[in-house]
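Everything below belongs to input_39.tsv, which stores TSV, C-alpha atoms.
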```tsv
chain	number	residue	atom	x	y	z
A	10	MET	CA	0.00	0.00	0.00
A	11	LEU	CA	2.78	2.39	0.98
A	12	ASN	CA	4.63	1.57	-2.21
A	13	LYS	CA	1.49	2.35	-4.24
A	14	ILE	CA	1.17	5.75	-2.56
A	15	LYS	CA	4.84	6.52	-3.22
A	16	TYR	CA	4.40	5.48	-6.87
A	17	ILE	CA	1.33	7.71	-7.29
A	18	LEU	CA	3.11	10.66	-5.66
A	19	PHE	CA	6.11	10.14	-7.91
A	20	LEU	CA	3.91	10.03	-11.01
A	21	ALA	CA	2.08	13.17	-9.91
A	22	PHE	CA	5.41	14.94	-9.47
A	23	ILE	CA	6.61	13.91	-12.93
A	24	ILE	CA	3.34	14.99	-14.56
A	25	SER	CA	3.34	18.36	-12.81
A	26	SER	CA	6.97	18.92	-13.87
A	27	ILE	CA	6.11	18.19	-17.47
A	28	ASP	CA	3.12	20.48	-17.21
A	29	ILE	CA	5.27	23.35	-15.80
A	30	ASN	CA	7.86	22.83	-18.51
A	31	ALA	CA	5.16	22.87	-21.18
A	32	GLN	CA	3.68	26.03	-19.70
A	33	GLU	CA	7.11	27.71	-19.54
A	34	ASN	CA	7.91	26.71	-23.11
A	35	ASN	CA	4.56	28.05	-24.25
A	36	ILE	CA	5.27	31.46	-22.69
A	37	LEU	CA	8.84	31.51	-23.99
A	38	ASP	CA	7.51	30.72	-27.43
A	39	LYS	CA	5.13	33.70	-27.30
A	40	ILE	CA	7.95	35.95	-26.06
A	41	SER	CA	10.19	34.72	-28.84
A	42	LYS	CA	7.54	35.41	-31.51
A	43	THR	CA	6.92	38.88	-30.10
A	44	SER	CA	10.61	39.72	-30.12
A	45	GLU	CA	10.94	38.48	-33.72
A	46	ASN	CA	8.15	40.86	-34.71
A	47	THR	CA	9.70	43.77	-32.82
A	48	LYS	CA	11.82	45.79	-35.24
A	49	THR	CA	12.11	48.93	-33.13
A	50	MET	CA	11.27	49.93	-29.58
A	51	GLN	CA	11.55	53.22	-27.71
A	52	CYS	CA	10.47	54.31	-24.26
A	53	SER	CA	11.50	56.20	-21.19
A	54	PHE	CA	12.64	54.39	-18.07
A	55	THR	CA	13.01	54.93	-14.36
A	56	GLN	CA	15.89	53.21	-12.60
A	57	THR	CA	15.77	52.80	-8.82
A	58	LYS	CA	18.85	51.57	-7.03
A	59	ASN	CA	18.25	50.34	-3.49
A	60	ILE	CA	21.43	50.85	-1.50
A	61	SER	CA	21.35	48.71	1.62
A	62	ILE	CA	24.29	50.30	3.43
A	63	LEU	CA	22.67	53.73	3.19
A	64	ALA	CA	19.10	52.48	3.55
A	65	GLU	CA	18.34	54.84	0.67
A	66	GLU	CA	17.09	54.75	-2.88
A	67	PHE	CA	18.79	56.45	-5.78
A	68	VAL	CA	16.57	57.24	-8.75
A	69	SER	CA	17.71	58.06	-12.26
A	70	LYS	CA	15.69	58.51	-15.44
A	71	GLY	CA	16.33	58.27	-19.11
A	72	TYR	CA	15.39	56.98	-22.53
A	73	MET	CA	15.90	53.77	-24.42
A	74	PHE	CA	15.96	53.18	-28.18
A	75	PHE	CA	16.28	49.79	-29.83
A	76	SER	CA	16.50	48.75	-33.48
A	77	ALA	CA	16.69	45.03	-34.20
A	78	PRO	CA	18.86	43.14	-34.21
A	79	ASP	CA	21.76	44.98	-32.58
A	80	LYS	CA	21.37	48.75	-32.35
A	81	PHE	CA	20.67	50.13	-28.98
A	82	ARG	CA	20.86	53.46	-27.13
A	83	TRP	CA	20.51	53.74	-23.37
A	84	GLU	CA	20.57	57.34	-22.25
A	85	TYR	CA	20.43	58.72	-18.71
A	86	ALA	CA	19.00	62.23	-18.61
A	87	SER	CA	18.69	62.90	-14.88
A	88	PRO	CA	20.23	63.44	-12.45
A	89	TYR	CA	23.31	62.86	-14.62
A	90	GLU	CA	24.02	62.57	-18.32
A	91	TYR	CA	25.42	59.30	-19.55
A	92	ILE	CA	24.89	57.56	-22.88
A	93	PHE	CA	25.58	53.97	-23.86
A	94	ILE	CA	25.30	53.29	-27.60
A	95	MET	CA	25.65	49.93	-29.25
A	96	ASN	CA	25.73	49.87	-33.04
A	97	GLU	CA	26.36	46.32	-34.25
A	98	LYS	CA	29.79	45.48	-32.82
A	99	ASP	CA	30.75	49.01	-31.83
A	100	ILE	CA	30.04	50.48	-28.43
A	101	SER	CA	30.38	54.05	-27.29
A	102	ILE	CA	30.10	55.40	-23.76
A	103	ILE	CA	29.60	59.14	-23.56
A	104	THR	CA	29.76	60.96	-20.24
A	105	GLU	CA	29.66	64.64	-19.47
A	106	SER	CA	33.41	64.86	-19.77
A	107	SER	CA	34.56	62.09	-22.10
A	108	GLN	CA	33.75	59.56	-24.79
A	109	ASN	CA	35.18	56.05	-25.01
A	110	ASN	CA	34.64	53.67	-27.91
A	111	PHE	CA	35.02	49.89	-27.81
A	112	ASN	CA	34.57	46.95	-30.09
A	113	THR	CA	32.88	43.79	-28.82
A	114	ASP	CA	35.29	41.63	-30.82
A	115	GLN	CA	38.14	42.93	-28.68
A	116	ASN	CA	36.31	43.12	-25.39
A	117	LYS	CA	34.53	39.96	-24.21
A	118	LEU	CA	32.96	41.56	-21.15
A	119	PHE	CA	31.30	44.26	-23.22
A	120	ALA	CA	30.16	41.63	-25.70
A	121	GLU	CA	28.39	39.78	-22.86
A	122	ILE	CA	26.93	42.96	-21.43
A	123	SER	CA	25.54	43.87	-24.86
A	124	LYS	CA	23.86	40.48	-25.16
A	125	ILE	CA	22.34	40.85	-21.71
A	126	MET	CA	20.97	44.26	-22.59
A	127	ILE	CA	19.34	42.99	-25.79
A	128	VAL	CA	17.78	40.08	-23.87
A	129	GLY	CA	16.66	42.51	-21.18
A	130	ILE	CA	15.05	44.87	-23.66
A	131	ASN	CA	13.01	42.57	-25.81
A	132	GLY	CA	13.48	39.08	-24.48
A	133	SER	CA	15.11	37.83	-27.65
A	134	GLY	CA	17.33	34.84	-27.18
A	135	LEU	CA	15.66	33.91	-23.88
A	136	GLU	CA	15.09	30.39	-25.11
A	137	LYS	CA	18.25	28.27	-25.12
A	138	ASN	CA	20.24	31.17	-23.76
A	139	GLU	CA	23.98	30.49	-23.61
A	140	SER	CA	24.73	33.07	-20.96
A	141	PHE	CA	21.95	32.36	-18.45
A	142	ASN	CA	19.89	29.61	-16.93
A	143	VAL	CA	16.31	30.74	-17.50
A	144	ASP	CA	13.43	29.69	-15.26
A	145	LEU	CA	9.84	30.85	-15.01
A	146	GLN	CA	9.67	32.32	-11.53
A	147	SER	CA	6.00	33.23	-11.37
A	148	GLU	CA	2.96	33.88	-13.45
A	149	ASN	CA	0.04	35.98	-12.23
A	150	ASN	CA	-2.20	38.88	-13.29
A	151	ASN	CA	-1.01	38.57	-16.88
A	152	GLU	CA	2.60	39.04	-15.80
A	153	TYR	CA	5.38	36.56	-16.33
A	154	ILE	CA	8.54	36.77	-14.32
A	155	PHE	CA	11.63	34.92	-15.49
A	156	LYS	CA	14.71	34.42	-13.40
A	157	LEU	CA	18.01	34.58	-15.27
A	158	THR	CA	20.99	33.15	-13.41
A	159	PRO	CA	24.33	33.88	-15.03
A	160	LYS	CA	26.51	31.02	-16.20
A	161	GLN	CA	29.62	33.03	-16.90
A	162	LYS	CA	32.03	33.73	-14.05
A	163	GLU	CA	32.57	37.36	-15.08
A	164	ILE	CA	28.84	38.13	-15.02
A	165	LYS	CA	28.31	36.21	-11.76
A	166	LYS	CA	30.71	38.67	-10.14
A	167	ILE	CA	28.30	41.47	-11.04
A	168	PHE	CA	24.84	39.93	-10.60
A	169	SER	CA	23.47	37.06	-8.54
A	170	TYR	CA	20.50	36.92	-10.88
A	171	ILE	CA	18.20	39.07	-12.98
A	172	LEU	CA	14.40	39.05	-12.97
A	173	LEU	CA	12.66	39.95	-16.22
A	174	THR	CA	8.98	40.79	-16.00
A	175	PHE	CA	6.93	40.44	-19.19
A	176	ASP	CA	3.44	41.88	-19.39
A	177	ASN	CA	0.47	40.54	-21.34
A	178	THR	CA	1.98	41.84	-24.60
A	179	PHE	CA	4.97	39.55	-23.97
A	180	THR	CA	7.38	42.48	-23.91
A	181	VAL	CA	9.63	43.42	-20.99
A	182	SER	CA	8.05	45.86	-18.56
A	183	LYS	CA	10.55	45.59	-15.72
A	184	ILE	CA	14.11	44.45	-15.11
A	185	GLU	CA	15.41	43.74	-11.64
A	186	MET	CA	19.11	43.09	-11.08
A	187	ILE	CA	20.02	41.53	-7.78
A	188	GLU	CA	23.53	41.67	-6.34
A	189	ASP	CA	24.75	39.29	-3.69
A	190	THR	CA	25.53	42.30	-1.47
A	191	GLY	CA	21.82	42.86	-0.86
A	192	ASP	CA	21.51	45.78	-3.24
A	193	ASN	CA	19.16	45.66	-6.17
A	194	THR	CA	18.41	47.83	-9.19
A	195	VAL	CA	14.91	48.02	-10.64
A	196	ILE	CA	14.29	49.46	-14.09
A	197	LYS	CA	10.71	50.15	-15.13
A	198	PHE	CA	9.78	51.01	-18.70
A	199	SER	CA	7.07	53.44	-19.62
A	200	PRO	CA	4.55	52.29	-22.22
A	201	ARG	CA	6.75	51.25	-25.07
A	202	ILE	CA	6.44	52.55	-28.64
A	203	ILE	CA	6.87	49.54	-30.88
A	204	ASN	CA	7.83	49.43	-34.57
A	205	GLU	CA	7.81	53.18	-35.13
A	206	PRO	CA	10.74	54.45	-37.22
A	207	ILE	CA	13.81	55.62	-35.31
A	208	ASN	CA	16.30	57.99	-36.93
A	209	ASP	CA	19.62	56.23	-37.48
A	210	GLU	CA	21.40	59.27	-36.02
A	211	VAL	CA	20.28	58.04	-32.62
A	212	PHE	CA	22.66	55.08	-32.90
A	213	LYS	CA	25.50	56.85	-34.67
A	214	ILE	CA	28.91	56.57	-33.04
A	215	ARG	CA	31.14	59.57	-33.72
B	30	MET	CA	83.50	87.17	12.04
B	31	MET	CA	82.95	86.27	8.41
B	32	LYS	CA	83.59	82.62	9.19
B	33	PHE	CA	81.01	82.76	11.98
B	34	LEU	CA	78.39	84.34	9.66
B	35	LYS	CA	79.04	81.74	6.99
B	36	PHE	CA	78.68	78.97	9.55
B	37	ALA	CA	75.42	80.51	10.88
B	38	ASN	CA	74.16	80.81	7.32
B	39	PHE	CA	75.03	77.17	6.70
B	40	LEU	CA	73.16	76.15	9.88
B	41	LEU	CA	70.15	78.20	8.84
B	42	ILE	CA	70.03	76.48	5.46
B	43	ILE	CA	70.27	73.05	7.12
B	44	CYS	CA	67.40	73.93	9.48
B	45	LEU	CA	65.23	75.09	6.61
B	46	LEU	CA	65.92	71.90	4.67
B	47	CYS	CA	65.04	69.76	7.72
B	48	ASN	CA	61.79	71.63	8.13
B	49	SER	CA	60.72	71.00	4.55
B	50	CYS	CA	61.56	67.31	4.91
B	51	SER	CA	59.63	67.07	8.16
B	52	LYS	CA	56.75	64.61	8.23
B	53	LYS	CA	54.57	67.08	10.07
B	54	PRO	CA	51.52	67.69	7.85
B	55	LEU	CA	50.88	71.13	6.49
B	56	LEU	CA	47.37	72.20	7.42
B	57	THR	CA	45.62	74.92	5.54
B	58	SER	CA	42.26	76.35	6.26
B	59	THR	CA	41.31	73.87	8.97
B	60	ASN	CA	38.29	75.91	9.89
B	61	ASN	CA	37.02	76.32	6.41
B	62	CYS	CA	36.34	72.90	5.00
B	63	TRP	CA	34.82	73.28	1.62
B	64	PHE	CA	34.25	69.59	0.96
B	65	PRO	CA	30.58	69.14	1.79
B	66	VAL	CA	30.77	65.75	3.47
B	67	TYR	CA	32.52	67.08	6.52
B	68	GLY	CA	30.14	69.94	6.97
B	69	CYS	CA	26.93	68.15	6.08
B	70	GLU	CA	24.09	67.60	8.47
B	71	LYS	CA	23.64	64.17	9.99
B	72	GLN	CA	21.46	61.83	7.94
B	73	GLU	CA	21.92	64.09	4.95
B	74	VAL	CA	22.65	62.18	1.77
B	75	ILE	CA	25.01	63.79	-0.73
B	76	LYS	CA	25.32	62.48	-4.26
B	77	PHE	CA	28.25	63.12	-6.55
B	78	ASN	CA	29.02	62.56	-10.18
B	79	SER	CA	32.49	61.05	-9.80
B	80	GLU	CA	35.49	60.58	-11.97
B	81	PHE	CA	38.57	58.54	-11.16
B	82	LYS	CA	41.71	58.94	-13.22
B	83	PHE	CA	44.68	56.67	-12.86
B	84	ARG	CA	47.40	57.01	-15.49
B	85	ASP	CA	45.46	56.75	-18.76
B	86	ILE	CA	42.49	54.97	-17.19
B	87	GLU	CA	39.40	57.04	-16.61
B	88	ILE	CA	36.33	55.67	-14.83
B	89	THR	CA	33.13	57.53	-14.11
B	90	GLY	CA	30.48	56.69	-11.58
B	91	ILE	CA	28.25	57.88	-8.80
B	92	THR	CA	29.34	58.32	-5.19
B	93	ILE	CA	26.72	58.64	-2.48
B	94	ILE	CA	27.63	59.53	1.08
B	95	LYS	CA	25.60	59.74	4.28
B	96	LYS	CA	26.75	61.12	7.60
B	97	ASN	CA	25.36	59.30	10.63
B	98	ASP	CA	25.81	59.96	14.35
B	99	ASN	CA	29.15	58.28	14.68
B	100	ASN	CA	30.22	57.34	11.18
B	101	ILE	CA	30.10	58.20	7.50
B	102	VAL	CA	28.87	55.53	5.13
B	103	GLY	CA	28.91	55.57	1.38
B	104	THR	CA	28.80	53.67	-1.84
B	105	VAL	CA	30.52	53.98	-5.20
B	106	MET	CA	28.81	52.54	-8.26
B	107	ASN	CA	28.64	53.04	-11.99
B	108	GLU	CA	25.83	54.82	-13.79
B	109	PHE	CA	23.96	51.54	-14.33
B	110	GLY	CA	23.83	51.07	-10.57
B	111	ILE	CA	26.42	48.31	-10.46
B	112	LYS	CA	28.36	48.71	-7.28
B	113	ALA	CA	32.15	49.02	-7.04
B	114	PHE	CA	32.23	49.07	-3.23
B	115	ASP	CA	30.63	50.35	-0.04
B	116	PHE	CA	32.63	52.07	2.65
B	117	GLU	CA	32.41	53.14	6.27
B	118	ILE	CA	34.56	55.80	7.94
B	119	LYS	CA	34.62	55.75	11.71
B	120	ASN	CA	37.08	57.05	14.27
B	121	GLY	CA	39.49	58.11	11.56
B	122	LYS	CA	39.58	54.68	9.95
B	123	CYS	CA	38.06	53.57	6.69
B	124	LYS	CA	36.75	50.11	5.85
B	125	LEU	CA	35.74	48.96	2.37
B	126	ILE	CA	32.80	46.54	2.24
B	127	ASN	CA	31.26	44.51	-0.60
B	128	VAL	CA	34.13	45.24	-2.94
B	129	VAL	CA	33.70	44.11	-6.53
B	130	SER	CA	36.20	41.40	-7.40
B	131	TYR	CA	38.06	43.48	-9.98
B	132	ILE	CA	39.41	45.82	-7.32
B	133	ASN	CA	39.37	43.45	-4.36
B	134	LYS	CA	43.18	43.46	-4.02
B	135	TRP	CA	44.81	44.57	-0.77
B	136	TYR	CA	47.01	47.24	-2.39
B	137	ILE	CA	44.08	48.82	-4.23
B	138	LYS	CA	41.84	48.77	-1.15
B	139	GLN	CA	44.58	50.25	1.01
B	140	THR	CA	45.05	53.16	-1.39
B	141	ILE	CA	41.32	53.81	-1.67
B	142	GLN	CA	40.88	53.66	2.10
B	143	LYS	CA	43.60	56.23	2.72
B	144	ASP	CA	42.28	58.46	-0.04
B	145	LEU	CA	38.73	58.30	1.32
B	146	ILE	CA	39.92	59.29	4.79
B	147	PHE	CA	41.63	62.29	3.27
B	148	ILE	CA	38.67	63.15	1.04
B	149	GLN	CA	36.19	63.38	3.91
B	150	SER	CA	38.61	65.11	6.28
B	151	ASN	CA	38.81	68.83	6.84
B	152	VAL	CA	42.45	68.85	5.81
B	153	ASN	CA	43.46	70.19	2.42
B	154	ILE	CA	47.04	68.92	2.21
B	155	THR	CA	48.83	66.05	3.90
B	156	GLU	CA	52.60	65.73	3.71
B	157	THR	CA	53.35	65.85	0.02
B	158	ASN	CA	50.96	63.12	-1.10
B	159	HIS	CA	47.44	64.48	-1.06
B	160	TYR	CA	45.84	67.77	-1.77
B	161	LYS	CA	42.41	69.13	-2.64
B	162	SER	CA	41.23	71.79	-4.98
B	163	GLY	CA	37.74	73.21	-5.41
B	164	SER	CA	36.03	75.29	-8.05
B	165	ASN	CA	32.59	75.85	-9.53
B	166	ASP	CA	33.18	72.69	-11.49
B	167	GLY	CA	33.41	70.56	-8.35
B	168	TYR	CA	36.13	69.14	-6.12
B	169	TRP	CA	39.44	67.68	-7.20
B	170	VAL	CA	41.41	65.41	-4.90
B	171	PHE	CA	44.91	64.32	-5.83
B	172	ASN	CA	47.01	61.41	-4.64
B	173	LYS	CA	50.37	62.48	-5.98
B	174	ARG	CA	52.28	59.40	-4.91
B	175	ARG	CA	49.99	57.05	-6.84
B	176	ASN	CA	49.12	59.58	-9.56
B	177	ILE	CA	45.39	59.23	-8.91
B	178	LYS	CA	42.91	62.04	-9.42
B	179	TYR	CA	39.37	62.11	-8.11
B	180	HIS	CA	36.75	64.57	-9.22
B	181	PHE	CA	33.42	65.02	-7.46
B	182	ARG	CA	30.55	67.17	-8.63
B	183	ILE	CA	27.35	67.35	-6.61
B	184	ILE	CA	24.24	66.16	-8.43
```
Just give me the structure as structure tokens.
Amino acid sequence: MLNKIKYILFLAFIISSIDINAQENNILDKISKTSENTKTMQCSFTQTKNISILAEEFVSKGYMFFSAPDKFRWEYASPYEYIFIMNEKDISIITESSQNNFNTDQNKLFAEISKIMIVGINGSGLEKNESFNVDLQSENNNEYIFKLTPKQKEIKKIFSYILLTFDNTFTVSKIEMIEDTGDNTVIKFSPRIINEPINDEVFKIR
Amino acid sequence: MMKFLKFANFLLIICLLCNSCSKKPLLTSTNNCWFPVYGCEKQEVIKFNSEFKFRDIEITGITIIKKNDNNIVGTVMNEFGIKAFDFEIKNGKCKLINVVSYINKWYIKQTIQKDLIFIQSNVNITETNHYKSGSNDGYWVFNKRRNIKYHFRII
């Protein structure tokens, strides 16, 4: 009798696991299709850094522009000016006092960071991701939260994990980056403008 | 008489040289500390746009400092919010906490700790290694021995 109960429990566990995997794959599939159909995206964002040692929040705001597959502009407008531009394999970081240009072929860390940012913006490459282990963390109120745990040692030094929240349009509405120090950074996107033309000047690296 | 004057002159020169080689710190404007951390109210949070220059390496970031009852705590991070390190200054000593692995080397931490103590102090020059300079553009702090420059601008 006891063996029968154990067998039934084991079967129930296996079936529920399959069901969760199927559910996760279904959502990932929808996210993947949405990201394939997303040619451009632009929005404003609010970034809140929770600093545990100070028991304070630090808020910054800016704008994001994306043009598939690999053009991206992340611009902080307040309370400081800072621009990160990715244009194919070239990256430029522009601060108030300087500009530095890099190439992802020559800088592996920047290459990884660029991939993370693209995944974070539109969820592309979430399925079978080489840089992260991806798990569906929760699903409620038409929101899907995926947990991305880094595989690479260099990225693990920066983040413990990242939470990506997708809304019912299967686009990213929130990114949360958790450090093992107890700090976290939350980035919320305003309603996103999808597939409207973006001037190429936005991504130009001078 | 001439020999005596020459000897006295020689002694005077020696004394002056010894004084300039003395390890006693030169203090300027001890009552007028311009660097806001020292003069800030308790629990006040001050945020800086920061720049660190070491040889031809230039790194920008954000430094946030808070003065509590018996210590000063702070954090240094980049513009994306990724932390470089936290720090606490108490009783004239500085401790770095949660240091990112890239700079978690004893010689780097030791330099930063000493520089942070100087930065938040009300002293403008120590020996011949550190000095501060302020303008409308912000605050410069120099570590001459290590050739490190810090720039802080309040945001």
Box dimensions and centre (Å, one decimal) enclosing segment 97-105 of chain B, axis-aligned, 6 Å extra per side, as lines of an AutoDock Vina configuration file:
```
center_x = 27.9
center_y = 56.8
center_z = 4.7
size_x = 17.2
size_y = 18.3
size_z = 31.9
```
Which residue out of A:Leu11, A:Lys166, A:Lys39, A:Ile92 has the minimum interatomic distance to Asn133 of chain B when only C-alpha atoms are used? A:Lys166
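Using all atoms listed in the file, the part of chain A that sits within 8 Å of chain B is made up of Lys58, Ile60, Ile62, Leu63, Pro88, Tyr89, Tyr91, Thr104, Lys166, Ile167, Thr190 and Thr194 of chain A.
Atom CA of Trp135 of chain B lies 19.5 Å from atom CA of Lys173 of chain B.
Remark: for Ile184 of chain A, the closest of the candidate residues A:Met50, A:Ile203, A:Met126, A:Ile40 is A:Met126 (distances computed over all atoms listed in the file).
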Residues proximal to (42.1, 65.9, -9.1) were defined as those with any atom within 10 Å of that point in the file's coordinates, counting only C-alpha atoms. Which are they, as a count of residues only? 21
By how many Å are atom CA of Glu45 of chain A and atom CA of Gly132 of chain A apart? 9.6 Å
